[in-house]
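Q: upload_7.cif is reproduced in full below (mmCIF, C-alpha atoms).
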data_work
loop_
_atom_site.group_PDB
_atom_site.id
_atom_site.type_symbol
_atom_site.label_atom_id
_atom_site.label_comp_id
_atom_site.auth_asym_id
_atom_site.auth_seq_id
_atom_site.Cartn_x
_atom_site.Cartn_y
_atom_site.Cartn_z
ATOM 1 C CA MET A 1 -15.351 -7.413 -28.016
ATOM 2 C CA PHE A 2 -11.617 -8.049 -27.435
ATOM 3 C CA ARG A 3 -10.092 -4.696 -26.703
ATOM 4 C CA ASN A 4 -7.097 -6.054 -24.839
ATOM 5 C CA ALA A 5 -5.772 -9.602 -24.887
ATOM 6 C CA LEU A 6 -4.317 -9.619 -21.362
ATOM 7 C CA GLU A 7 -6.044 -7.685 -18.616
ATOM 8 C CA PRO A 8 -4.813 -7.352 -15.011
ATOM 9 C CA TRP A 9 -7.363 -9.821 -13.650
ATOM 10 C CA HIS A 10 -6.100 -12.462 -16.096
ATOM 11 C CA VAL A 11 -2.626 -12.184 -14.577
ATOM 12 C CA LEU A 12 -4.101 -12.421 -11.084
ATOM 13 C CA VAL A 13 -5.990 -15.607 -11.971
ATOM 14 C CA VAL A 14 -2.860 -17.191 -13.466
ATOM 15 C CA VAL A 15 -0.813 -16.336 -10.365
ATOM 16 C CA LEU A 16 -3.473 -17.748 -8.045
ATOM 17 C CA VAL A 17 -3.673 -20.984 -10.060
ATOM 18 C CA MET A 18 0.113 -21.357 -9.951
ATOM 19 C CA VAL A 19 0.173 -20.833 -6.172
ATOM 20 C CA VAL A 20 -2.567 -23.419 -5.710
ATOM 21 C CA LEU A 21 -0.911 -25.962 -8.018
ATOM 22 C CA PHE A 22 2.713 -25.607 -6.944
ATOM 23 C CA GLY A 23 2.474 -24.093 -3.488
ATOM 24 C CA SER A 24 4.279 -21.011 -2.287
ATOM 25 C CA LYS A 25 7.426 -22.946 -1.308
ATOM 26 C CA LYS A 26 8.034 -24.434 -4.766
ATOM 27 C CA LEU A 27 7.464 -21.264 -6.803
ATOM 28 C CA PRO A 28 10.871 -19.620 -6.127
ATOM 29 C CA ASP A 29 12.702 -22.820 -7.059
ATOM 30 C CA THR A 30 10.610 -23.215 -10.180
ATOM 31 C CA ALA A 31 11.199 -19.599 -11.211
ATOM 32 C CA ARG A 32 14.933 -19.975 -10.598
ATOM 33 C CA ALA A 33 15.106 -23.122 -12.728
ATOM 34 C CA LEU A 34 13.111 -21.445 -15.505
ATOM 35 C CA GLY A 35 15.427 -18.418 -15.448
ATOM 36 C CA LYS A 36 18.494 -20.643 -15.619
ATOM 37 C CA SER A 37 17.037 -22.552 -18.557
ATOM 38 C CA LEU A 38 16.238 -19.333 -20.402
ATOM 39 C CA ARG A 39 19.784 -18.017 -19.837
ATOM 40 C CA ILE A 40 21.234 -21.244 -21.243
ATOM 41 C CA LEU A 41 18.905 -21.105 -24.250
ATOM 42 C CA LYS A 42 19.810 -17.473 -24.885
ATOM 43 C CA SER A 43 23.552 -18.145 -24.719
ATOM 44 C CA GLU A 44 23.262 -21.157 -27.030
ATOM 45 C CA THR A 45 21.232 -19.246 -29.632
ATOM 46 C CA LYS A 46 23.718 -16.374 -29.439
ATOM 47 C CA ALA A 47 26.589 -18.813 -30.014
ATOM 48 C CA LEU A 48 24.790 -20.309 -33.011
ATOM 49 C CA LYS A 49 24.247 -16.861 -34.516
ATOM 50 C CA GLU A 50 27.910 -15.936 -34.031
ATOM 51 C CA ASP A 51 29.159 -19.193 -35.542
ATOM 52 C CA GLY A 52 26.805 -18.977 -38.472
ATOM 53 C CA ILE A 53 24.921 -21.795 -40.035
ATOM 54 C CA PRO A 54 27.261 -24.406 -41.528
ATOM 55 C CA ASP A 55 26.926 -25.337 -45.195
ATOM 56 C CA PRO A 56 24.839 -28.419 -45.812
ATOM 57 C CA ALA A 57 26.654 -31.653 -46.579
ATOM 58 C CA PRO A 58 27.261 -32.317 -50.284
ATOM 59 C CA SER A 59 24.653 -34.433 -51.972
ATOM 60 C CA ALA A 60 25.387 -38.127 -52.530
ATOM 61 C CA VAL A 61 23.900 -37.860 -56.027
ATOM 62 C CA ASP A 62 26.403 -37.026 -58.775
ATOM 63 C CA SER A 63 25.217 -33.824 -60.478
ATOM 64 C CA THR A 64 27.527 -34.217 -63.516
ATOM 65 C CA ARG A 65 25.347 -36.805 -65.259
#
Written as C-alpha cells, how would this file's structure read?

A:
Amino acid sequence: MFRNALEPWHVLVVVLVMVVLFGSKKLPDTARALGKSLRILKSETKALKEDGIPDPAPSAVDSTR
C-alpha cells in the first residue's frame, strides 16, 4: 500500500500550496530567513557539544544523614 512515503507529486503539491499561500515574492525572503535560522541553530548546537554539558547543581538535601 505505502511503497514510498514521499513521491514526486507530493512535493509538487506542497510547492504549489506554498506559492498560493505566500506568493512568489515572499518565498525567497522566507527561505532566506529559514536558512539563517537553521545556521544559527546549527552553530549553537555545535557550541553546546564542544562545551559539554555542565554538571548539575548540587542538591539542597544533605546526603550525610

Q: One decimal, in Å: what's the spacing between atom CA of Val14 of chain A and atom CA of Lys36 of chain A?

A: 21.7 Å

Q: Atom CA of Leu48 of chain A and atom CA of Thr30 of chain A are how many Å apart?

A: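 Taking atom CA of Leu48 of chain A as the start and atom CA of Thr30 of chain A as the end point, the length is 27.0 Å.
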
Q: Give me, please, the distance in Å between atom CA of Pro8 of chain A and atom CA of Lys42 of chain A, quoted to one decimal.

A: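 Answer for the atom CA of Pro8 of chain A to atom CA of Lys42 of chain A separation: 28.4 Å.
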
Q: Set up a box along x, y and z of the file covering all listed atoms of segment 21-31 of chain A, add 3 Å on every one of the six sides, and write the centre and edge lengths in Å to one decimal, as JSON.

A:
{"center_x": 5.9, "center_y": -22.8, "center_z": -6.3, "size_x": 19.6, "size_y": 12.4, "size_z": 15.9}
